[in-house]
file data11.cif (mmCIF, C-alpha atoms and all ligand atoms)
data_data
#
loop_
_atom_site.label_atom_id
_atom_site.label_comp_id
_atom_site.auth_asym_id
_atom_site.auth_seq_id
_atom_site.Cartn_x
_atom_site.Cartn_y
_atom_site.Cartn_z
CA MET P 583 12.33 12.24 -25.42
CA LEU P 584 13.22 8.54 -25.40
CA ASP P 585 11.52 8.18 -22.00
CA THR P 586 8.31 9.59 -23.49
CA GLN P 587 8.45 7.09 -26.35
CA LEU P 588 9.11 4.23 -23.95
CA LEU P 589 6.24 5.35 -21.72
CA ARG P 590 3.90 5.52 -24.72
CA LEU P 591 4.87 1.97 -25.67
CA CYS P 592 4.34 0.74 -22.07
CA LEU P 593 0.86 2.29 -22.08
CA GLU P 594 -0.10 0.83 -25.47
CA LEU P 595 1.19 -2.63 -24.62
CA ALA P 596 -0.34 -2.76 -21.13
CA ARG P 597 -3.74 -1.77 -22.45
CA ALA P 598 -3.65 -4.12 -25.47
CA ALA P 599 -2.36 -7.02 -23.40
CA GLY P 600 -4.76 -6.48 -20.49
CA ASP P 601 -7.73 -6.29 -22.85
CA HIS P 602 -6.53 -9.46 -24.57
CA ALA P 603 -6.30 -11.24 -21.18
CA ALA P 604 -9.82 -10.11 -20.25
CA ARG P 605 -11.20 -11.38 -23.58
CA CYS P 606 -9.28 -14.62 -23.14
CA ARG P 607 -10.86 -15.15 -19.72
CA ARG P 608 -14.36 -14.51 -21.03
CA ALA P 609 -13.71 -17.09 -23.79
CA GLY P 610 -13.00 -19.73 -21.13
CA LEU P 611 -10.10 -20.44 -18.81
CA GLY P 612 -9.44 -24.10 -19.50
CA THR P 613 -7.60 -26.04 -16.80
CA PRO P 614 -4.84 -24.00 -15.13
CA ASP P 615 -1.33 -25.50 -14.81
CA HIS P 616 0.92 -25.22 -11.77
CA LYS P 617 4.37 -23.64 -11.50
CA SER P 618 6.50 -23.35 -8.32
CA SER P 619 3.92 -25.11 -6.12
CA ALA P 620 0.43 -26.59 -6.33
CA THR P 621 -1.02 -23.17 -5.38
CA ASP P 622 0.98 -21.24 -8.01
CA VAL P 623 -1.32 -21.36 -11.04
CA VAL P 624 -0.76 -20.31 -14.63
CA THR P 625 -3.36 -20.25 -17.39
CA ALA P 626 -3.26 -20.31 -21.17
CA CYS P 627 -4.31 -16.63 -20.94
CA ASP P 628 -1.10 -15.76 -19.00
CA ARG P 629 0.95 -17.40 -21.75
CA SER P 630 -0.88 -15.93 -24.75
CA THR P 631 -0.83 -12.46 -23.16
CA GLU P 632 2.93 -12.64 -22.61
CA SER P 633 3.36 -13.81 -26.24
CA LEU P 634 1.37 -10.84 -27.50
CA ILE P 635 3.59 -8.40 -25.59
CA VAL P 636 6.81 -10.15 -26.60
CA GLU P 637 5.89 -10.24 -30.31
CA ARG P 638 5.16 -6.50 -30.28
CA LEU P 639 8.40 -5.71 -28.45
CA ARG P 640 10.46 -7.87 -30.83
CA GLU P 641 9.08 -5.79 -33.70
CA GLU P 642 9.39 -2.38 -32.04
CA ARG P 643 12.49 -2.82 -29.86
CA PRO P 644 14.51 -5.69 -31.38
CA ASP P 645 17.72 -4.81 -29.50
CA ASP P 646 16.20 -4.70 -26.01
CA GLY P 647 16.32 -7.48 -23.43
CA LEU P 648 13.02 -9.10 -22.41
CA ARG P 649 12.12 -10.87 -19.16
CA GLY P 650 8.65 -12.21 -18.55
CA GLU P 651 6.91 -14.17 -15.81
CA GLU P 652 5.95 -16.96 -18.19
CA GLY P 653 9.48 -17.76 -19.29
CA THR P 654 10.61 -15.07 -21.71
CA ASP P 655 14.31 -14.41 -21.12
CA THR P 656 16.11 -12.67 -24.00
CA VAL P 657 19.39 -10.85 -23.59
CA GLY P 658 19.54 -7.57 -25.53
CA THR P 659 22.30 -5.27 -26.71
CA SER P 660 20.70 -1.81 -26.21
CA GLY P 661 21.02 -1.62 -22.41
CA PHE P 662 17.22 -1.61 -21.98
CA VAL P 663 15.39 -4.55 -20.41
CA TRP P 664 11.61 -5.01 -20.38
CA HIS P 665 10.02 -6.65 -17.33
CA ILE P 666 6.68 -8.19 -18.26
CA ASP P 667 3.98 -9.57 -15.97
CA PRO P 668 1.15 -10.47 -18.35
CA ILE P 669 -1.28 -11.16 -15.49
CA ASP P 670 -0.25 -10.11 -11.98
CA GLY P 671 -2.82 -11.53 -9.62
CA THR P 672 -3.35 -14.77 -11.52
CA THR P 673 -5.17 -16.39 -8.59
CA ASN P 674 -7.68 -13.52 -8.59
CA PHE P 675 -7.96 -13.87 -12.38
CA VAL P 676 -8.78 -17.56 -12.08
CA TYR P 677 -11.41 -16.92 -9.39
CA GLY P 678 -13.11 -14.07 -11.28
CA ASN P 679 -11.91 -11.51 -8.74
CA PRO P 680 -11.33 -8.30 -10.77
CA ASN P 681 -8.14 -7.39 -8.89
CA TRP P 682 -5.57 -8.39 -11.50
CA CYS P 683 -3.50 -6.37 -13.93
CA THR P 684 -0.97 -6.34 -16.71
CA SER P 685 2.34 -4.78 -15.61
CA ILE P 686 5.09 -3.64 -17.99
CA GLY P 687 8.24 -1.75 -17.08
CA VAL P 688 11.40 -0.95 -19.04
CA ALA P 689 14.69 -0.46 -17.20
CA ASP P 690 18.20 0.77 -17.95
CA ALA P 691 21.30 0.48 -15.76
CA ASP P 692 19.86 3.07 -13.34
CA GLY P 693 16.50 1.33 -12.83
CA THR P 694 13.05 1.54 -14.34
CA VAL P 695 12.68 4.29 -16.95
CA ALA P 696 8.95 3.94 -17.66
CA GLY P 697 6.14 1.64 -16.62
CA ALA P 698 2.42 1.00 -16.85
CA VAL P 699 -0.01 -1.08 -14.78
CA TYR P 700 -3.44 -1.67 -16.33
CA LEU P 701 -6.49 -3.14 -14.56
CA PRO P 702 -8.80 -4.18 -17.41
CA GLU P 703 -11.83 -4.90 -15.20
CA SER P 704 -11.91 -1.36 -13.79
CA GLY P 705 -10.26 0.46 -16.70
CA GLU P 706 -7.60 1.94 -14.40
CA LEU P 707 -4.30 2.66 -16.11
CA PHE P 708 -1.42 3.73 -13.84
CA SER P 709 1.83 4.92 -15.36
CA ALA P 710 5.03 6.83 -14.75
CA ALA P 711 8.22 7.89 -16.47
CA ARG P 712 11.35 8.55 -14.43
CA GLY P 713 11.43 12.15 -13.23
CA ALA P 714 8.05 12.97 -14.79
CA GLY P 715 5.55 12.01 -12.05
CA ALA P 716 2.87 9.34 -11.96
CA THR P 717 -0.67 9.31 -13.31
CA LEU P 718 -3.90 7.33 -13.07
CA ASN P 719 -5.88 7.56 -16.32
CA GLY P 720 -3.82 10.64 -17.21
CA ILE P 721 -4.40 12.50 -13.92
CA ALA P 722 -1.48 13.12 -11.55
CA ILE P 723 -1.52 11.02 -8.38
CA SER P 724 0.32 11.28 -5.08
CA VAL P 725 0.86 9.26 -1.92
CA SER P 726 -1.25 9.59 1.21
CA GLY P 727 1.17 11.65 3.27
CA ALA P 728 0.66 9.36 6.30
CA THR P 729 2.72 10.39 9.31
CA GLU P 730 2.17 7.57 11.85
CA LEU P 731 2.77 3.89 11.28
CA SER P 732 0.15 3.10 13.92
CA GLN P 733 -2.43 4.89 11.75
CA SER P 734 -1.24 3.38 8.46
CA LEU P 735 -3.02 0.94 6.20
CA VAL P 736 -0.34 -1.51 5.06
CA GLY P 737 -0.43 -3.94 2.14
CA THR P 738 1.56 -7.14 1.82
CA GLY P 739 1.53 -10.49 0.04
CA PHE P 740 2.67 -14.07 0.42
CA GLY P 741 4.85 -16.27 -1.77
CA TYR P 742 3.70 -19.59 -3.18
CA ARG P 743 6.25 -21.80 -1.42
CA ALA P 744 5.09 -23.19 1.92
CA GLU P 745 8.30 -22.27 3.76
CA HIS P 746 8.08 -18.67 2.53
CA ARG P 747 4.44 -18.36 3.58
CA GLN P 748 5.19 -19.82 6.99
CA MET P 749 7.91 -17.24 7.60
CA GLN P 750 5.89 -14.35 6.14
CA SER P 751 2.78 -15.15 8.18
CA THR P 752 4.77 -15.60 11.41
CA ARG P 753 6.41 -12.22 10.83
CA LEU P 754 3.09 -10.57 10.01
CA ALA P 755 1.44 -11.99 13.13
CA ALA P 756 4.21 -10.39 15.19
CA MET P 757 3.69 -6.98 13.53
CA ILE P 758 -0.02 -6.70 12.96
CA THR P 759 -0.92 -4.70 16.08
CA GLU P 760 1.46 -1.93 14.99
CA PHE P 761 -0.72 -0.76 12.03
CA ARG P 762 -4.22 0.58 11.48
CA ASP P 763 -4.89 -2.60 9.47
CA ILE P 764 -3.46 -4.87 6.83
CA ARG P 765 -4.57 -5.64 3.24
CA ARG P 766 -3.63 -8.50 0.90
CA SER P 767 -4.91 -7.72 -2.60
CA GLY P 768 -3.31 -10.62 -4.48
CA SER P 769 -1.30 -8.44 -6.89
CA ALA P 770 1.98 -6.81 -5.96
CA ALA P 771 1.78 -4.39 -8.89
CA ILE P 772 -1.68 -3.24 -7.79
CA ASP P 773 -0.46 -2.87 -4.18
CA LEU P 774 2.37 -0.60 -5.37
CA CYS P 775 -0.10 1.50 -7.39
CA ALA P 776 -2.35 1.63 -4.32
CA VAL P 777 0.51 3.24 -2.38
CA ALA P 778 1.00 5.65 -5.30
CA CYS P 779 -2.57 6.95 -5.11
CA GLY P 780 -3.07 6.83 -1.33
CA ARG P 781 -5.27 3.70 -1.14
CA LEU P 782 -2.52 2.20 1.00
CA ASP P 783 0.00 4.08 3.14
CA ALA P 784 2.68 1.43 2.72
CA TYR P 785 3.44 -1.99 1.24
CA PHE P 786 6.09 -4.62 1.84
CA GLU P 787 6.80 -8.11 0.55
CA ASP P 788 9.65 -10.50 -0.11
CA PHE P 789 10.43 -13.32 -2.56
CA LEU P 790 9.04 -11.36 -5.52
CA HIS P 791 10.42 -11.16 -9.06
CA PRO P 792 11.55 -8.17 -11.16
CA TRP P 793 8.35 -8.21 -13.25
CA ASP P 794 6.20 -7.91 -10.08
CA ILE P 795 7.72 -4.57 -9.07
CA ALA P 796 9.42 -2.90 -12.07
CA ALA P 797 6.49 -0.71 -13.13
CA GLY P 798 4.70 -0.39 -9.79
CA GLU P 799 7.73 0.70 -7.77
CA LEU P 800 8.51 3.47 -10.28
CA ILE P 801 4.86 4.58 -10.24
CA ALA P 802 4.87 4.70 -6.42
CA ARG P 803 8.17 6.61 -6.24
CA GLU P 804 7.09 9.07 -8.93
CA ALA P 805 3.94 9.66 -6.87
CA GLY P 806 6.09 10.63 -3.87
CA ALA P 807 6.67 7.30 -2.13
CA GLN P 808 10.08 6.18 -0.95
CA SER P 809 11.39 2.63 -1.17
CA CYS P 810 14.14 0.43 0.24
CA ASN P 811 14.85 -3.18 1.08
CA PHE P 812 14.45 -4.64 4.58
CA SER P 813 18.03 -3.57 5.45
CA GLY P 814 17.65 0.01 4.20
CA GLY P 815 19.49 -0.53 0.88
CA PRO P 816 17.94 -0.16 -2.56
CA ALA P 817 14.56 -1.90 -2.99
CA HIS P 818 14.85 -5.32 -4.59
CA PRO P 819 12.34 -8.01 -5.61
CA GLU P 820 13.77 -10.24 -2.86
CA ASP P 821 12.63 -7.70 -0.23
CA ILE P 822 10.91 -4.39 -0.78
CA VAL P 823 9.24 -1.73 1.37
CA VAL P 824 7.44 1.17 -0.34
CA ALA P 825 5.68 3.84 1.69
CA SER P 826 4.64 7.40 2.16
CA PRO P 827 7.96 8.99 3.24
CA ALA P 828 7.31 9.45 6.99
CA VAL P 829 6.33 5.83 7.57
CA LEU P 830 9.02 4.12 5.46
CA GLU P 831 11.74 3.91 8.10
CA PRO P 832 9.45 2.99 11.04
CA LEU P 833 7.98 0.19 8.91
CA ARG P 834 11.40 -0.99 7.72
CA VAL P 835 12.75 -1.08 11.30
CA LEU P 836 9.69 -3.02 12.44
CA ILE P 837 10.09 -5.57 9.62
CA ALA P 838 13.83 -5.91 10.25
CA SER P 839 13.28 -6.43 13.96
CA THR P 840 10.75 -9.22 13.34
CA VAL P 841 12.55 -11.08 10.55
CA ILE P 842 12.25 -14.80 11.10
CA PRO P 843 15.24 -16.93 9.98
CA ARG P 844 14.78 -18.23 6.45
CA SER P 845 14.60 -22.00 6.43
CA ALA P 846 15.11 -22.44 2.69
CA PRO P 847 16.82 -20.59 -0.15
C1 LIG P 901 1.83 -12.78 -7.26
C2 LIG P 901 1.08 -11.55 -6.79
C3 LIG P 901 0.87 -11.60 -5.29
C4 LIG P 901 2.15 -11.73 -4.54
C5 LIG P 901 2.90 -12.95 -5.02
C6 LIG P 901 3.13 -12.86 -6.53
P1 LIG P 901 1.24 -13.62 -9.73
O1 LIG P 901 2.08 -12.72 -8.65
O2 LIG P 901 1.78 -10.38 -7.15
O3 LIG P 901 0.23 -10.42 -4.80
O4 LIG P 901 1.88 -11.82 -3.17
O5 LIG P 901 4.12 -13.01 -4.32
O6 LIG P 901 3.84 -14.00 -6.96
O7 LIG P 901 1.65 -15.03 -9.47
O8 LIG P 901 -0.20 -13.38 -9.47
O9 LIG P 901 1.71 -13.10 -11.03
#

call {"tool": "encode", "arguments": {"input": "data11.cif", "output": "structure tokens"}}
result
Amino acid sequence: MLDTQLLRLCLELARAAGDHAARCRRAGLGTPDHKSSATDVVTACDRSTESLIVERLREERPDDGLRGEEGTDTVGTSGFVWHIDPIDGTTNFVYGNPNWCTSIGVADADGTVAGAVYLPESGELFSAARGAGATLNGIAISVSGATELSQSLVGTGFGYRAEHRQMQSTRLAAMITEFRDIRRSGSAAIDLCAVACGRLDAYFEDFLHPWDIAAGELIAREAGAQSCNFSGGPAHPEDIVVASPAVLEPLRVLIASTVIPRSAP
């Protein structure tokens, strides 16, 4: 019952926030700021969209914890924590590429309970509640059912720090002949939803944050995907592999066997 209420709130917030971000962009972007590096941009729309979500949650769920990409970090007392990415795919957003989304997930001690990922430019709304399956615009979705890594379309992404990108691109270059092909959409949440509905067979990335994966990983798993980290333990923002079941372990082993030493924390 509570899961259904939390899912409904995720859906409402993701839609309202995504539509706000889209209106904000149409009204004019202004000059983006930078965060972790010169390539890591943030706009006034990211910040106002996070504020909109946070204000609503403070009214509706005052005892919950809140963590957002643009700096929200509130400790709660209820045991629930909301992971908020107001605009995932900010670089796409800035360039007018429609591949960006609002991602909202709420977690308890056992992981994400409910989540929604909304792509305002296409009107696609992905969602899931734990144990209740995943949907796209209200229709059940499922993973591709891929059986061979060599025939799999695999998504990934790159961090903003130069040393992370160097390591990630070196690793990818060593792996790329093992797949059908590779995709880099620019939004981790959208990549996870792409696995959920069979647009990708698998996805992996490292150096992410909880708000990048909270909703999308649940949606992918509820659609039949399996997930883990690069060592085979539970998936984590620091390193995550999500795939149609038969290709998860072959992909994980490939990644683990090509890991390049990390040069920086
Ligand atoms: C980024 C996107 C991108 C991923 C990066 C993330 P942002 O989030 O999800 O696909 O490769 O690692 O930081 O900055 O667009 O919210």

call {"tool": "closest_atom_pairs", "arguments": {"input": "data11.cif", "of": "chain P", "to": "ligand LIG 901 (chain P)", "cutoff": "8 Å", "atoms": "all atoms listed in the file", "output": "Markdown table"}}
result
| residue | atom | partner | partner_atom | distance |
| --- | --- | --- | --- | --- |
| P:Asp622 | CA | P:LIG901 | O7 | 6.4 |
| P:Val623 | CA | P:LIG901 | O7 | 7.2 |
| P:Val624 | CA | P:LIG901 | O7 | 7.8 |
| P:Glu651 | CA | P:LIG901 | O9 | 7.1 |
| P:Asp667 | CA | P:LIG901 | O9 | 6.5 |
| P:Pro668 | CA | P:LIG901 | O9 | 7.8 |
| P:Ile669 | CA | P:LIG901 | O9 | 5.7 |
| P:Asp670 | CA | P:LIG901 | O9 | 3.7 |
| P:Gly671 | CA | P:LIG901 | O8 | 3.2 |
| P:Thr672 | CA | P:LIG901 | O8 | 4.0 |
| P:Thr673 | CA | P:LIG901 | O8 | 5.9 |
| P:Asn674 | CA | P:LIG901 | O8 | 7.5 |
| P:Trp682 | CA | P:LIG901 | O8 | 7.6 |
| P:Thr738 | CA | P:LIG901 | O4 | 6.8 |
| P:Gly739 | CA | P:LIG901 | O4 | 3.5 |
| P:Phe740 | CA | P:LIG901 | O4 | 4.3 |
| P:Gly741 | CA | P:LIG901 | O5 | 4.2 |
| P:Tyr742 | CA | P:LIG901 | O5 | 6.7 |
| P:Arg766 | CA | P:LIG901 | O3 | 7.1 |
| P:Ser767 | CA | P:LIG901 | O3 | 6.2 |
| P:Gly768 | CA | P:LIG901 | O3 | 3.6 |
| P:Ser769 | CA | P:LIG901 | O3 | 3.3 |
| P:Ala770 | CA | P:LIG901 | O2 | 3.8 |
| P:Ala771 | CA | P:LIG901 | O2 | 6.2 |
| P:Ile772 | CA | P:LIG901 | O2 | 8.0 |
| P:Asp773 | CA | P:LIG901 | O3 | 7.6 |
| P:Glu787 | CA | P:LIG901 | O4 | 7.2 |
| P:Asp788 | CA | P:LIG901 | O5 | 7.4 |
| P:Phe789 | CA | P:LIG901 | O5 | 6.6 |
| P:Leu790 | CA | P:LIG901 | O5 | 5.3 |
| P:His791 | CA | P:LIG901 | O6 | 7.5 |
| P:Asp794 | CA | P:LIG901 | O2 | 5.8 |

call {"tool": "closest_residue", "arguments": {"input": "data11.cif", "among": "P:Ala596, P:Ala698, P:Ala796, P:Val777", "to": "Val824 of chain P", "atoms": "all atoms listed in the file"}}
result
P:Val777

call {"tool": "residues_around", "arguments": {"input": "data11.cif", "residues": "segment 703-711 of chain P", "least_positions_apart": "6", "cutoff": "8 Å", "atoms": "only C-alpha atoms", "output": "MDAnalysis selection string"}}
result
chainID P and resid 585:586 589 593 597 604 680:681 695:697 717:719 775 797 800:801 804

call {"tool": "closest_residue", "arguments": {"input": "data11.cif", "among": "P:Leu782, P:Pro819, P:Leu754, P:Ala776", "to": "Ser839 of chain P", "atoms": "only C-alpha atoms"}}
result
P:Leu754

call {"tool": "residues_around", "arguments": {"input": "data11.cif", "residues": "segment 626-628 of chain P", "least_positions_apart": "6", "cutoff": "10 Å", "atoms": "all atoms listed in the file", "output": "PyMOL selection string"}}
result
chain P and resi 599+602-607+609-615+651-652+667-670+672+675-676+684

call {"tool": "closest_residue", "arguments": {"input": "data11.cif", "among": "P:Ala817, P:Cys592, P:Met757, P:Ile723", "to": "Leu836 of chain P", "atoms": "only C-alpha atoms"}}
result
P:Met757

call {"tool": "atom_distance", "arguments": {"input": "data11.cif", "atom1": "atom CA of Trp793 of chain P", "atom2": "atom CA of Leu735 of chain P"}}
result
24.3 Å

call {"tool": "atom_distance", "arguments": {"input": "data11.cif", "atom1": "atom CA of Ala838 of chain P", "atom2": "atom CA of Arg753 of chain P"}}
result
9.8 Å

call {"tool": "build_atoms", "arguments": {"input": "data11.cif", "residues": "segment 616-627 of chain P", "atoms": "all heavy atoms", "output": "tab-separated table (two decimals), keeping the file's coordinate frame"}}
result
chain	number	residue	atom	x	y	z
P	616	HIS	N	0.24	-25.67	-12.98
P	616	HIS	CA	0.92	-25.22	-11.77
P	616	HIS	C	2.37	-24.91	-12.07
P	616	HIS	O	2.95	-25.50	-12.97
P	616	HIS	CB	0.84	-26.30	-10.68
P	616	HIS	CG	-0.58	-26.63	-10.33
P	616	HIS	ND1	-1.11	-27.88	-10.47
P	616	HIS	CD2	-1.58	-25.84	-9.88
P	616	HIS	CE1	-2.39	-27.86	-10.12
P	616	HIS	NE2	-2.70	-26.63	-9.75
P	617	LYS	N	2.95	-23.98	-11.28
P	617	LYS	CA	4.37	-23.64	-11.50
P	617	LYS	C	5.19	-24.04	-10.27
P	617	LYS	O	5.44	-25.21	-10.06
P	617	LYS	CB	4.50	-22.15	-11.82
P	617	LYS	CG	3.84	-21.79	-13.15
P	617	LYS	CD	4.25	-20.42	-13.64
P	617	LYS	CE	3.70	-19.31	-12.78
P	617	LYS	NZ	3.99	-17.98	-13.31
P	618	SER	N	5.56	-23.06	-9.42
P	618	SER	CA	6.50	-23.35	-8.32
P	618	SER	C	5.91	-24.23	-7.22
P	618	SER	O	6.64	-24.86	-6.46
P	618	SER	CB	7.01	-22.04	-7.72
P	618	SER	OG	5.94	-21.31	-7.16
P	619	SER	N	4.57	-24.25	-7.11
P	619	SER	CA	3.92	-25.11	-6.12
P	619	SER	C	2.50	-25.37	-6.61
P	619	SER	O	2.05	-24.74	-7.58
P	619	SER	CB	3.88	-24.44	-4.74
P	619	SER	OG	2.86	-23.46	-4.71
P	620	ALA	N	1.78	-26.23	-5.91
P	620	ALA	CA	0.43	-26.59	-6.33
P	620	ALA	C	-0.52	-25.39	-6.27
P	620	ALA	O	-1.57	-25.38	-6.91
P	620	ALA	CB	-0.10	-27.71	-5.45
P	621	THR	N	-0.15	-24.35	-5.50
P	621	THR	CA	-1.02	-23.17	-5.38
P	621	THR	C	-0.63	-22.07	-6.37
P	621	THR	O	-1.32	-21.06	-6.47
P	621	THR	CB	-0.95	-22.59	-3.95
P	621	THR	OG1	0.42	-22.38	-3.62
P	621	THR	CG2	-1.59	-23.54	-2.95
P	622	ASP	N	0.46	-22.26	-7.08
P	622	ASP	CA	0.98	-21.24	-8.01
P	622	ASP	C	0.46	-21.57	-9.41
P	622	ASP	O	1.05	-22.36	-10.13
P	622	ASP	CB	2.52	-21.27	-7.96
P	622	ASP	CG	3.16	-20.19	-8.82
P	622	ASP	OD1	2.42	-19.36	-9.37
P	622	ASP	OD2	4.40	-20.19	-8.91
P	623	VAL	N	-0.67	-20.96	-9.78
P	623	VAL	CA	-1.32	-21.36	-11.04
P	623	VAL	C	-0.89	-20.48	-12.20
P	623	VAL	O	-0.49	-19.33	-12.03
P	623	VAL	CB	-2.86	-21.31	-10.91
P	623	VAL	CG1	-3.38	-22.44	-10.07
P	623	VAL	CG2	-3.34	-19.97	-10.39
P	624	VAL	N	-0.99	-21.05	-13.39
P	624	VAL	CA	-0.76	-20.31	-14.63
P	624	VAL	C	-1.80	-20.80	-15.64
P	624	VAL	O	-2.12	-21.99	-15.67
P	624	VAL	CB	0.69	-20.49	-15.14
P	624	VAL	CG1	1.01	-21.94	-15.41
P	624	VAL	CG2	0.94	-19.64	-16.37
P	625	THR	N	-2.33	-19.88	-16.42
P	625	THR	CA	-3.36	-20.25	-17.39
P	625	THR	C	-2.85	-20.01	-18.81
P	625	THR	O	-1.85	-19.32	-19.02
P	625	THR	CB	-4.63	-19.39	-17.18
P	625	THR	OG1	-4.33	-18.04	-17.58
P	625	THR	CG2	-5.09	-19.40	-15.74
P	626	ALA	N	-3.59	-20.56	-19.76
P	626	ALA	CA	-3.26	-20.31	-21.17
P	626	ALA	C	-3.34	-18.80	-21.45
P	626	ALA	O	-2.63	-18.29	-22.32
P	626	ALA	CB	-4.23	-21.08	-22.06
P	627	CYS	N	-4.19	-18.09	-20.73
P	627	CYS	CA	-4.31	-16.63	-20.94
P	627	CYS	C	-3.02	-15.91	-20.50
P	627	CYS	O	-2.60	-14.95	-21.16
P	627	CYS	CB	-5.50	-16.06	-20.16
P	627	CYS	SG	-7.08	-16.76	-20.65
